[in-house]
>>> print(open('start_4.tsv').read())   # TSV, C-alpha atoms
chain	number	residue	atom	x	y	z
Z	1	MET	CA	108.45	151.53	109.89
Z	2	ALA	CA	108.31	147.76	109.52
Z	3	LYS	CA	111.70	147.13	108.04
Z	4	ARG	CA	114.87	149.08	107.41
Z	5	GLU	CA	117.86	148.00	105.36
Z	6	ARG	CA	121.36	149.40	105.60
Z	7	VAL	CA	124.09	148.22	103.24
Z	8	VAL	CA	127.80	148.54	103.89
Z	9	ARG	CA	129.99	148.01	100.84
Z	10	MET	CA	133.73	147.51	101.00
Z	11	SER	CA	135.92	146.96	97.97
Z	12	VAL	CA	139.44	147.94	97.08
Z	13	GLU	CA	138.85	146.59	93.57
Z	14	GLN	CA	136.40	149.22	92.38
Z	15	PRO	CA	139.00	152.04	92.19
Z	16	LEU	CA	141.25	149.67	90.23
Z	17	TRP	CA	138.50	149.01	87.68
Z	18	ARG	CA	137.92	152.75	87.28
Z	19	ALA	CA	141.65	153.27	86.81
Z	20	LEU	CA	141.74	150.50	84.20
Z	21	THR	CA	138.89	152.14	82.28
Z	22	VAL	CA	140.76	155.42	82.14
Z	23	TYR	CA	144.01	153.64	81.27
Z	24	ARG	CA	142.46	151.89	78.27
Z	25	LEU	CA	141.00	155.11	76.91
Z	26	LEU	CA	144.18	157.15	77.33
Z	27	THR	CA	146.47	154.47	75.88
Z	28	MET	CA	144.12	154.04	72.91
Z	29	VAL	CA	144.37	157.76	72.18
Z	30	TYR	CA	148.14	157.57	72.66
Z	31	ALA	CA	148.46	154.73	70.13
Z	32	VAL	CA	146.40	156.62	67.54
Z	33	LEU	CA	148.35	159.86	68.01
Z	34	LEU	CA	151.67	158.02	67.89
Z	35	PHE	CA	150.74	156.51	64.53
Z	36	ALA	CA	149.40	159.81	63.20
Z	37	SER	CA	152.68	161.56	64.00
Z	38	ALA	CA	154.79	158.98	62.12
Z	39	TYR	CA	152.47	157.34	59.59
Z	40	LYS	CA	154.75	158.35	56.69
Z	41	ARG	CA	157.45	156.03	58.05
Z	42	TYR	CA	155.22	152.99	57.73
Z	43	PRO	CA	155.58	151.10	54.42
Z	44	HIS	CA	152.00	149.85	54.78
Z	45	PRO	CA	150.18	152.51	56.78
Z	46	TRP	CA	146.74	151.19	55.81
Z	47	VAL	CA	147.37	148.03	57.92
Z	48	ALA	CA	148.16	150.15	60.97
Z	49	ALA	CA	145.26	152.53	60.29
Z	50	GLY	CA	142.78	149.67	59.95
Z	51	TYR	CA	143.91	148.02	63.14
Z	52	LEU	CA	143.95	151.25	65.15
Z	53	ALA	CA	140.48	152.14	63.89
Z	54	PHE	CA	139.25	148.76	65.12
Z	55	LEU	CA	141.13	149.26	68.40
Z	56	ALA	CA	139.42	152.63	68.97
Z	57	VAL	CA	135.97	151.19	68.29
Z	58	TRP	CA	136.69	148.14	70.48
Z	59	THR	CA	137.94	150.25	73.38
Z	60	LEU	CA	134.97	152.62	73.33
Z	61	ALA	CA	132.41	149.83	72.83
Z	62	THR	CA	133.74	147.74	75.73
Z	63	THR	CA	134.16	150.52	78.28
Z	64	SER	CA	131.27	149.14	80.32
Z	65	LYS	CA	132.93	145.71	80.38
Z	66	VAL	CA	135.75	146.98	82.60
Z	67	ALA	CA	133.48	148.93	84.95
Z	68	ASN	CA	133.50	146.15	87.54
Z	69	ALA	CA	134.40	142.51	88.04
Z	70	ALA	CA	130.85	141.30	87.40
Z	71	SER	CA	130.73	142.69	83.85
Z	72	CYS	CA	134.33	141.75	83.07
Z	73	THR	CA	133.79	138.13	82.10
Z	74	LYS	CA	136.41	135.54	81.20
Z	75	GLY	CA	135.24	135.61	77.59
Z	76	PHE	CA	135.78	139.36	77.37
Z	77	LEU	CA	139.25	139.09	78.90
Z	78	VAL	CA	140.27	136.47	76.34
Z	79	ALA	CA	138.87	138.60	73.51
Z	80	ASP	CA	140.63	141.72	74.83
Z	81	LEU	CA	143.94	139.86	75.09
Z	82	THR	CA	143.41	138.52	71.57
Z	83	VAL	CA	143.00	142.07	70.24
Z	84	ALA	CA	146.27	143.07	71.88
Z	85	ILE	CA	148.20	140.02	70.59
Z	86	VAL	CA	146.79	140.45	67.07
Z	87	GLY	CA	147.99	144.06	67.13
Z	88	ILE	CA	151.46	142.92	68.12
Z	89	GLY	CA	151.40	140.29	65.36
Z	90	LEU	CA	150.31	142.82	62.70
Z	91	THR	CA	153.15	145.18	63.52
Z	92	PRO	CA	155.66	143.50	61.08
Z	93	LEU	CA	153.06	143.84	58.30
Z	94	ALA	CA	152.72	147.57	58.85
Z	95	ASP	CA	156.28	148.52	59.81
Z	96	THR	CA	159.78	147.56	58.73
Z	97	TYR	CA	161.86	144.95	60.52
Z	98	GLU	CA	164.62	147.51	61.03
Z	99	ARG	CA	162.31	149.90	62.89
Z	100	ILE	CA	160.91	147.10	65.03
Z	101	THR	CA	164.32	145.75	66.03
Z	102	GLY	CA	165.54	149.30	66.49
Z	103	GLY	CA	163.04	149.86	69.29
Z	104	GLY	CA	160.00	150.95	67.32
Z	105	PRO	CA	156.63	150.55	69.08
Z	106	THR	CA	154.09	147.87	68.31
Z	107	LEU	CA	150.72	148.93	66.93
Z	108	PRO	CA	148.83	148.77	70.26
Z	109	THR	CA	151.91	150.07	72.18
Z	110	ILE	CA	151.16	150.29	75.91
Z	111	TRP	CA	147.45	149.58	75.39
Z	112	THR	CA	148.47	145.92	75.70
Z	113	GLY	CA	149.13	146.48	79.39
Z	114	GLY	CA	145.43	147.18	79.95
Z	115	ALA	CA	144.48	143.74	78.66
Z	116	VAL	CA	146.95	142.10	81.03
Z	117	LEU	CA	145.87	144.23	84.01
Z	118	GLY	CA	142.29	143.14	83.44
Z	119	PHE	CA	143.37	139.55	84.05
Z	120	ALA	CA	145.28	140.62	87.17
Z	121	ILE	CA	142.36	142.50	88.75
Z	122	LYS	CA	139.82	139.85	87.85
Z	123	GLY	CA	141.71	136.68	88.75
Z	124	GLY	CA	144.80	137.59	90.73
Z	125	TRP	CA	148.48	137.00	90.08
Z	126	ARG	CA	148.06	133.58	88.42
Z	127	TRP	CA	145.79	135.00	85.76
Z	128	ALA	CA	148.27	137.85	85.32
Z	129	CYS	CA	151.07	135.34	84.70
Z	130	PHE	CA	148.93	133.60	82.09
Z	131	ALA	CA	148.18	136.78	80.13
Z	132	SER	CA	151.70	138.19	80.43
Z	133	THR	CA	153.17	134.98	79.02
Z	134	PHE	CA	151.18	135.31	75.79
Z	135	VAL	CA	152.14	138.97	75.41
Z	136	ALA	CA	155.81	138.15	76.01
Z	137	ALA	CA	155.71	135.30	73.47
Z	138	ALA	CA	154.12	137.54	70.80
Z	139	THR	CA	156.68	140.29	71.44
Z	140	ILE	CA	159.61	137.86	71.16
Z	141	LEU	CA	158.21	136.35	67.95
Z	142	ILE	CA	157.96	139.65	66.07
Z	143	HIS	CA	161.62	140.28	66.94
Z	144	GLY	CA	162.60	137.01	65.29
Z	145	GLY	CA	163.39	135.37	68.60
Z	146	GLN	CA	166.04	137.97	69.41
Z	147	PRO	CA	164.30	140.84	71.20
Z	148	THR	CA	166.15	144.04	71.95
Z	149	ARG	CA	167.01	145.21	75.42
Z	150	ASP	CA	164.12	147.72	75.35
Z	151	ALA	CA	161.67	145.01	74.24
Z	152	LEU	CA	162.77	142.70	77.06
Z	153	HIS	CA	162.54	145.59	79.49
Z	154	ASN	CA	158.94	146.31	78.42
Z	155	VAL	CA	157.95	142.65	78.62
Z	156	LEU	CA	159.46	142.30	82.09
Z	157	LEU	CA	157.80	145.51	83.27
Z	158	VAL	CA	154.35	144.32	82.14
Z	159	TRP	CA	154.88	140.91	83.70
Z	160	VAL	CA	156.09	142.16	87.08
Z	161	SER	CA	153.56	144.99	87.43
Z	162	SER	CA	150.59	142.78	86.51
Z	163	VAL	CA	151.66	140.00	88.88
Z	164	ALA	CA	152.17	142.52	91.70
Z	165	ILE	CA	148.74	144.07	91.17
Z	166	GLY	CA	147.15	140.63	91.01
Z	167	TYR	CA	148.77	139.65	94.30
Z	168	VAL	CA	147.62	142.88	95.97
Z	169	VAL	CA	144.06	142.23	94.80
Z	170	GLU	CA	144.11	138.72	96.27
Z	171	VAL	CA	145.37	140.03	99.62
Z	172	ALA	CA	142.68	142.74	99.60
Z	173	ARG	CA	139.97	140.17	98.90
Z	174	ALA	CA	141.14	138.01	101.78
Z	175	SER	CA	141.14	141.04	104.10
Z	176	GLU	CA	137.65	142.02	103.03
Z	177	ASN	CA	136.37	138.50	103.63
Z	178	THR	CA	137.87	138.55	107.11
Z	179	LEU	CA	136.30	141.92	107.87
Z	180	ALA	CA	132.92	140.77	106.55
Z	181	ARG	CA	133.07	137.70	108.78
Z	182	ALA	CA	134.00	139.86	111.77
Z	183	LEU	CA	131.01	142.11	111.09
Z	184	GLU	CA	128.75	139.08	110.82
Z	185	ILE	CA	129.94	137.76	114.17
Z	186	GLU	CA	129.55	141.18	115.74
Z	187	ALA	CA	126.02	141.38	114.32
Z	188	ALA	CA	125.11	137.99	115.77
Z	189	THR	CA	126.49	139.05	119.15
Z	190	ARG	CA	124.47	142.27	119.11
Z	191	GLU	CA	121.33	140.38	118.17
Z	192	ARG	CA	121.90	137.88	120.98
Z	193	GLU	CA	122.38	140.71	123.47
Z	194	ARG	CA	119.20	142.42	122.29
Z	195	LEU	CA	117.21	139.22	122.73
Z	196	ALA	CA	118.87	138.63	126.09
Z	197	ARG	CA	117.75	142.07	127.29
Z	198	ASP	CA	114.18	141.39	126.28
Z	199	ILE	CA	114.24	137.94	127.89
Z	200	HIS	CA	115.77	139.31	131.08
Z	201	ASP	CA	113.17	142.07	131.32
Z	202	GLY	CA	110.31	139.63	130.80
Z	203	VAL	CA	110.61	135.85	131.00
Z	204	LEU	CA	113.49	135.62	133.49
Z	205	GLN	CA	111.88	138.08	135.87
Z	206	VAL	CA	108.63	136.08	135.83
Z	207	LEU	CA	110.43	132.77	136.37
Z	208	ALA	CA	112.38	134.24	139.30
Z	209	MET	CA	109.16	135.55	140.84
Z	210	VAL	CA	107.43	132.16	140.40
Z	211	GLN	CA	110.36	130.43	142.07
Z	212	ARG	CA	110.37	132.86	144.99
Z	213	ARG	CA	106.61	132.76	145.53
Z	214	GLY	CA	106.49	128.98	145.15
Z	215	THR	CA	109.09	128.55	147.87
Z	216	GLU	CA	107.12	130.85	150.16
Z	217	LEU	CA	103.78	129.06	149.57
Z	218	GLY	CA	105.13	125.50	149.88
Z	219	GLY	CA	103.29	122.36	148.83
Z	220	GLU	CA	102.64	121.90	145.14
Z	221	ALA	CA	103.58	125.53	144.55
Z	222	GLU	CA	107.06	124.77	145.89
Z	223	GLU	CA	107.54	122.06	143.25
Z	224	LEU	CA	106.32	124.51	140.59
Z	225	GLY	CA	108.79	127.07	141.91
Z	226	ARG	CA	111.61	124.52	141.76
Z	227	MET	CA	110.80	123.76	138.11
Z	228	ALA	CA	110.65	127.46	137.33
Z	229	GLY	CA	114.06	127.89	138.92
Z	230	GLU	CA	115.51	125.12	136.77
Z	231	GLN	CA	114.07	126.69	133.64
Z	232	GLU	CA	115.47	130.06	134.69
Z	233	VAL	CA	118.98	128.60	135.00
Z	234	ALA	CA	118.66	126.82	131.64
Z	235	LEU	CA	117.38	129.94	129.91
Z	236	ARG	CA	120.13	132.11	131.41
Z	237	THR	CA	122.72	129.63	130.13
Z	238	LEU	CA	121.20	129.67	126.66
Z	239	VAL	CA	121.10	133.46	126.61
Z	240	SER	CA	124.70	133.85	127.73
Z	241	THR	CA	126.27	131.12	125.56
Z	242	GLY	CA	123.80	130.15	122.85
Z	243	LEU	CA	124.10	131.11	119.20
Z	244	VAL	CA	121.59	133.38	117.55
Z	245	HIS	CA	121.14	133.33	113.78
Z	246	PRO	CA	122.75	136.56	112.55
Z	247	SER	CA	120.58	139.30	111.12
Z	248	ARG	CA	123.31	140.21	108.65
Z	249	VAL	CA	124.31	138.22	105.59
Z	250	SER	CA	127.85	138.58	104.26
Z	251	SER	CA	129.06	137.43	100.87
Z	252	ASP	CA	132.09	137.91	98.71
Z	253	GLN	CA	130.61	139.26	95.52
Z	254	SER	CA	132.42	140.67	92.53
Z	255	ARG	CA	132.76	144.11	94.03
Z	256	GLY	CA	134.22	142.87	97.28
Z	257	ALA	CA	132.84	142.03	100.66
Z	258	LEU	CA	129.19	142.93	101.02
Z	259	VAL	CA	127.44	143.09	104.37
Z	260	ASP	CA	123.69	143.63	104.39
Z	261	THR	CA	122.01	144.63	107.63
Z	262	TYR	CA	118.34	143.85	108.04
Z	263	GLU	CA	116.75	145.39	111.10
Z	264	VAL	CA	113.15	144.44	111.79
Z	265	GLU	CA	111.48	147.02	113.97
Z	266	GLU	CA	108.33	146.83	115.99
Z	267	PRO	CA	105.28	148.21	114.17
Z	268	GLY	CA	104.29	151.66	115.26
Z	269	ALA	CA	105.21	155.26	114.97
Z	270	ASP	CA	108.94	155.13	115.69
Z	271	ASP	CA	109.65	158.24	113.68
Z	272	GLY	CA	110.00	161.65	115.28
Z	273	GLU	CA	110.73	162.41	118.90
Z	274	LEU	CA	109.21	161.58	122.27
Z	275	ASP	CA	109.30	163.36	125.61
Z	276	LEU	CA	111.34	161.12	127.89
Z	277	ARG	CA	109.43	162.36	130.93
Z	278	THR	CA	106.22	160.68	129.74
Z	279	LEU	CA	107.97	157.28	129.77
Z	280	LEU	CA	109.62	157.70	133.18
Z	281	ALA	CA	106.77	159.37	135.07
Z	282	PRO	CA	104.79	156.10	135.59
Z	283	HIS	CA	107.67	154.78	137.72
Z	284	ALA	CA	106.97	157.41	140.37
Z	285	GLY	CA	105.27	156.09	143.49
Z	286	SER	CA	105.36	155.95	147.25
Z	287	ARG	CA	108.91	154.59	147.24
Z	288	VAL	CA	110.19	156.04	143.95
Z	289	SER	CA	110.71	159.80	143.66
Z	290	PHE	CA	110.86	161.33	140.21
Z	291	ALA	CA	112.59	164.66	139.55
Z	292	GLU	CA	112.28	166.11	136.06
Z	293	PRO	CA	113.01	169.37	134.24
Z	294	GLY	CA	110.21	171.85	133.75
Z	295	THR	CA	110.48	171.57	129.97
Z	296	PRO	CA	110.14	168.53	127.68
Z	297	VAL	CA	113.13	166.23	127.19
Z	298	PRO	CA	112.77	165.18	123.53
Z	299	LEU	CA	114.65	162.14	122.20
Z	300	PRO	CA	114.19	160.02	119.08
Z	301	VAL	CA	111.49	157.45	119.80
Z	302	PRO	CA	113.75	154.35	119.70
Z	303	ALA	CA	116.33	156.04	121.93
Z	304	ALA	CA	113.71	157.20	124.43
Z	305	LYS	CA	112.23	153.70	124.67
Z	306	GLU	CA	115.62	152.06	125.16
Z	307	LEU	CA	116.64	154.59	127.82
Z	308	ALA	CA	113.32	154.11	129.64
Z	309	ALA	CA	113.80	150.33	129.50
Z	310	ALA	CA	117.27	150.71	131.02
Z	311	VAL	CA	115.78	152.82	133.84
Z	312	GLY	CA	113.13	150.13	134.36
Z	313	ALA	CA	115.85	147.47	134.57
Z	314	ALA	CA	117.69	149.55	137.18
Z	315	LEU	CA	114.50	149.86	139.27
Z	316	ASP	CA	113.90	146.11	138.96
Z	317	ASN	CA	117.36	145.57	140.42
Z	318	VAL	CA	116.48	147.90	143.30
Z	319	ARG	CA	113.30	145.95	144.10
Z	320	LYS	CA	115.04	142.60	143.74
Z	321	HIS	CA	118.30	143.25	145.56
Z	322	ALA	CA	117.61	146.22	147.86
Z	323	GLY	CA	114.34	144.88	149.20
Z	324	GLU	CA	110.71	145.96	148.97
Z	325	GLY	CA	111.27	148.66	151.57
Z	326	ALA	CA	114.09	150.40	149.72
Z	327	ARG	CA	113.53	153.87	148.33
Z	328	ALA	CA	114.70	155.02	144.90
Z	329	TRP	CA	115.14	158.37	143.22
Z	330	ILE	CA	115.06	159.14	139.49
Z	331	LEU	CA	116.67	162.38	138.31
Z	332	VAL	CA	116.42	163.54	134.67
Z	333	GLU	CA	118.83	166.20	133.39
Z	334	ASP	CA	118.82	167.71	129.92
Z	335	TRP	CA	122.17	169.30	129.02
Z	336	GLY	CA	121.36	170.02	125.40
Z	337	ASP	CA	123.98	167.80	123.80
Z	338	GLU	CA	123.19	164.87	126.10
Z	339	VAL	CA	120.52	163.57	128.43
Z	340	ILE	CA	121.50	162.15	131.82
Z	341	VAL	CA	119.21	159.98	133.93
Z	342	THR	CA	120.35	159.00	137.42
Z	343	VAL	CA	118.75	156.19	139.41
Z	344	ARG	CA	119.77	156.05	143.08
Z	345	ASP	CA	118.59	153.87	145.98
Z	346	ASP	CA	119.21	153.62	149.71
Z	347	GLY	CA	119.71	149.86	149.76
Z	348	PRO	CA	122.64	147.90	151.14
Z	349	GLY	CA	124.79	148.46	148.04
Z	350	ILE	CA	126.59	145.93	145.90
Z	351	PRO	CA	129.58	144.04	147.29
Z	352	ALA	CA	132.85	144.40	145.38
Z	353	GLY	CA	133.12	141.88	142.54
Z	354	ARG	CA	129.45	140.89	142.70
Z	355	LEU	CA	128.64	142.25	139.21
Z	356	ASP	CA	131.44	140.28	137.57
Z	357	GLN	CA	130.33	137.17	139.43
Z	358	ALA	CA	126.72	137.65	138.33
Z	359	GLU	CA	127.75	138.08	134.73
Z	360	GLY	CA	129.78	134.89	134.92
Z	361	GLU	CA	126.69	133.09	136.23
Z	362	GLY	CA	124.65	134.29	133.27
Z	363	ARG	CA	122.79	137.03	135.15
Z	364	MET	CA	122.94	139.81	132.59
Z	365	GLY	CA	120.74	142.46	134.20
Z	366	VAL	CA	123.39	145.17	134.43
Z	367	ALA	CA	125.59	143.94	131.56
Z	368	LEU	CA	122.82	143.74	128.97
Z	369	SER	CA	119.61	145.39	130.14
Z	370	ILE	CA	121.45	148.52	131.24
Z	371	ARG	CA	124.96	148.82	129.83
Z	372	GLY	CA	124.14	147.00	126.60
Z	373	ARG	CA	121.26	149.33	125.83
Z	374	LEU	CA	123.29	152.45	126.51
Z	375	ARG	CA	126.19	151.19	124.42
Z	376	ASP	CA	123.87	150.63	121.47
Z	377	LEU	CA	122.71	154.23	121.81
Z	378	GLY	CA	126.28	155.50	121.79
Z	379	GLY	CA	126.08	156.40	125.46
Z	380	SER	CA	127.36	155.00	128.72
Z	381	ALA	CA	126.15	153.57	132.02
Z	382	ASP	CA	128.22	154.21	135.14
Z	383	LEU	CA	127.43	152.35	138.36
Z	384	VAL	CA	128.72	153.46	141.74
Z	385	SER	CA	127.92	151.39	144.81
Z	386	VAL	CA	129.21	151.61	148.36
Z	387	PRO	CA	128.26	148.78	150.74
Z	388	GLY	CA	125.77	150.12	153.26
Z	389	GLN	CA	125.19	153.38	151.35
Z	390	GLY	CA	123.13	152.32	148.34
Z	391	THR	CA	123.75	152.26	144.61
Z	392	GLU	CA	123.73	154.97	141.95
Z	393	VAL	CA	123.39	154.30	138.21
Z	394	GLU	CA	124.10	157.21	135.84
Z	395	LEU	CA	122.83	156.79	132.27
Z	396	LYS	CA	124.15	159.18	129.61
Z	397	VAL	CA	122.77	159.41	126.06
Z	398	PRO	CA	124.35	161.85	123.56
Z	399	ARG	CA	121.77	163.48	121.33
Z	400	GLY	CA	123.91	163.65	118.19
Z	401	ARG	CA	124.36	159.85	117.96
Z	402	THR	CA	120.92	158.53	118.87
Z	403	GLN	CA	118.67	157.18	116.11
>>> encode(input="start_4.tsv", output="structure tokens")
Amino acid sequence: MAKRERVVRMSVEQPLWRALTVYRLLTMVYAVLLFASAYKRYPHPWVAAGYLAFLAVWTLATTSKVANAASCTKGFLVADLTVAIVGIGLTPLADTYERITGGGPTLPTIWTGGAVLGFAIKGGWRWACFASTFVAAATILIHGGQPTRDALHNVLLVWVSSVAIGYVVEVARASENTLARALEIEAATRERERLARDIHDGVLQVLAMVQRRGTELGGEAEELGRMAGEQEVALRTLVSTGLVHPSRVSSDQSRGALVDTYEVEEPGADDGELDLRTLLAPHAGSRVSFAEPGTPVPLPVPAAKELAAAVGAALDNVRKHAGEGARAWILVEDWGDEVIVTVRDDGPGIPAGRLDQAEGEGRMGVALSIRGRLRDLGGSADLVSVPGQGTEVELKVPRGRTQ
């Protein structure tokens, strides 16, 4: 599998758009039924019927426009608000002044709130203030500049609720942007650690060996070893502090924060499972004992390779720090729900605080090549070392979480 893409979508807006769609449909039906139940009281019912027929067609035809922020354009919002204001303005032509001032509903009734809420969800509280102001002005005008208490109450309710929703949407957007940025940083850190593991297992080990052998041989080889040592220090510094271009791209699109993860995998058959024993058996030798179960220890291919690489890093540490004469033992245990691999040696052990000091110096063998790999697999790496009694590294990988 050459490339795999995983997309994480986060948006608090999408439920609001769905709610607005339902709200528009229900309030449209409410306005039609309200007119149908009292059409005989209207002196000019044909004005109300014509407007409500247009309102029904408009609401149904523009349902897709309020499905998300991308389709809900500024032009549509202005047109939707215009429909609501026109309905408020036509109310005096269809109904009597007495009924209007007595608390009678406007032709669009509470459907008007949907037009204002669209502004709030799309543009925040400032857009909500803009739309609410036009609705309030139209409502006051049809009351001859002297709106009733109920009319003022309705205007204030629409204004406050739309501004509140707009403010909540803005806060949610800011939170989503912060979370997307945090995920991007975390992705870059993970990528840097992955590269650091590969570099530690390959380039840094070779440079360290060249430095050691050059010092032993002397002459021109010693100068070559010195240069290799300088490059090792520089590369360790770059690995531990340098920035790696993130493999994830975050953006604030209409539906909220969007974080795309692109993972490029090595070519080959990484699907299926692999017997862990086949990867660990080559480590066995005159100074490395290998104890395995009598049955296969299947793991997903990527997990098996990462676990085997962590074991290899542990054995490299044994050879480097415990000496060429040190013995090591590898024990594989399959407990069904997890696989445990233990690497133990009879070396001098690790002095207290040495691992923290090494990590501070940019030596990431244990931190990245071992613990980093196990953490990525959802497992753990526990290291126990007693000076003079050797070191034991226990690697645990849960089966249910490996990929």
>>> atom_distance(input="start_4.tsv", atom1="atom CA of Z:Arg126", atom2="atom CA of Z:Ser64")
24.3 Å
>>> atom_distance(input="start_4.tsv", atom1="atom CA of Z:Lys40", atom2="atom CA of Z:Ala151")
23.1 Å
>>> atom_distance(input="start_4.tsv", atom1="atom CA of Z:Asp95", atom2="atom CA of Z:Tyr42")
5.0 Å
>>> residues_around(input="start_4.tsv", residues="Z:Gly347", least_positions_apart="3", cutoff="12 Å", atoms="only C-alpha atoms", output="list in words")
Leu315, Asn317, Val318, Arg319, Lys320, His321, Ala322, Gly323, Glu324, Gly325, Ala326, Arg327, Ala328, Trp329, Arg344, Ile350, Pro351, Ser385, Val386, Pro387, Gly388, Gln389, Gly390, Thr391 and Glu392 of chain Z
>>> closest_residue(input="start_4.tsv", among="Z:Ala48, Z:Leu90, Z:Ala19, Z:Ala120", to="Z:Val169", atoms="all atoms listed in the file")
Z:Ala120
>>> residues_near_point(input="start_4.tsv", point="(113.8, 154.9, 128.6)", cutoff="12 Å", atoms="all atoms listed in the file", output="JSON, numbers by chain")
{"Z": [274, 275, 276, 277, 278, 279, 280, 281, 282, 283, 297, 298, 299, 300, 301, 302, 303, 304, 305, 306, 307, 308, 309, 310, 311, 312, 313, 314, 315, 330, 332, 339, 340, 341, 342, 343, 369, 370, 373, 374, 377, 395, 396, 397]}
>>> residues_around(input="start_4.tsv", residues="Z:Val210", least_positions_apart="3", cutoff="12 Å", atoms="only C-alpha atoms", output="count of residues only")
23
>>> residues_near_point(input="start_4.tsv", point="(137.7, 140.7, 70.2)", cutoff="12 Å", atoms="only C-alpha atoms", output="VMD selection string")
chain Z and resid 51 54 to 55 57 to 59 61 to 62 75 to 87 115
>>> residues_around(input="start_4.tsv", residues="Z:Leu117", least_positions_apart="4", cutoff="12 Å", atoms="all atoms listed in the file", output="PyMOL selection string")
chain Z and resi 16-17+19-21+23-24+66+72+77+80-81+110-113+121-132+135+158-167+169
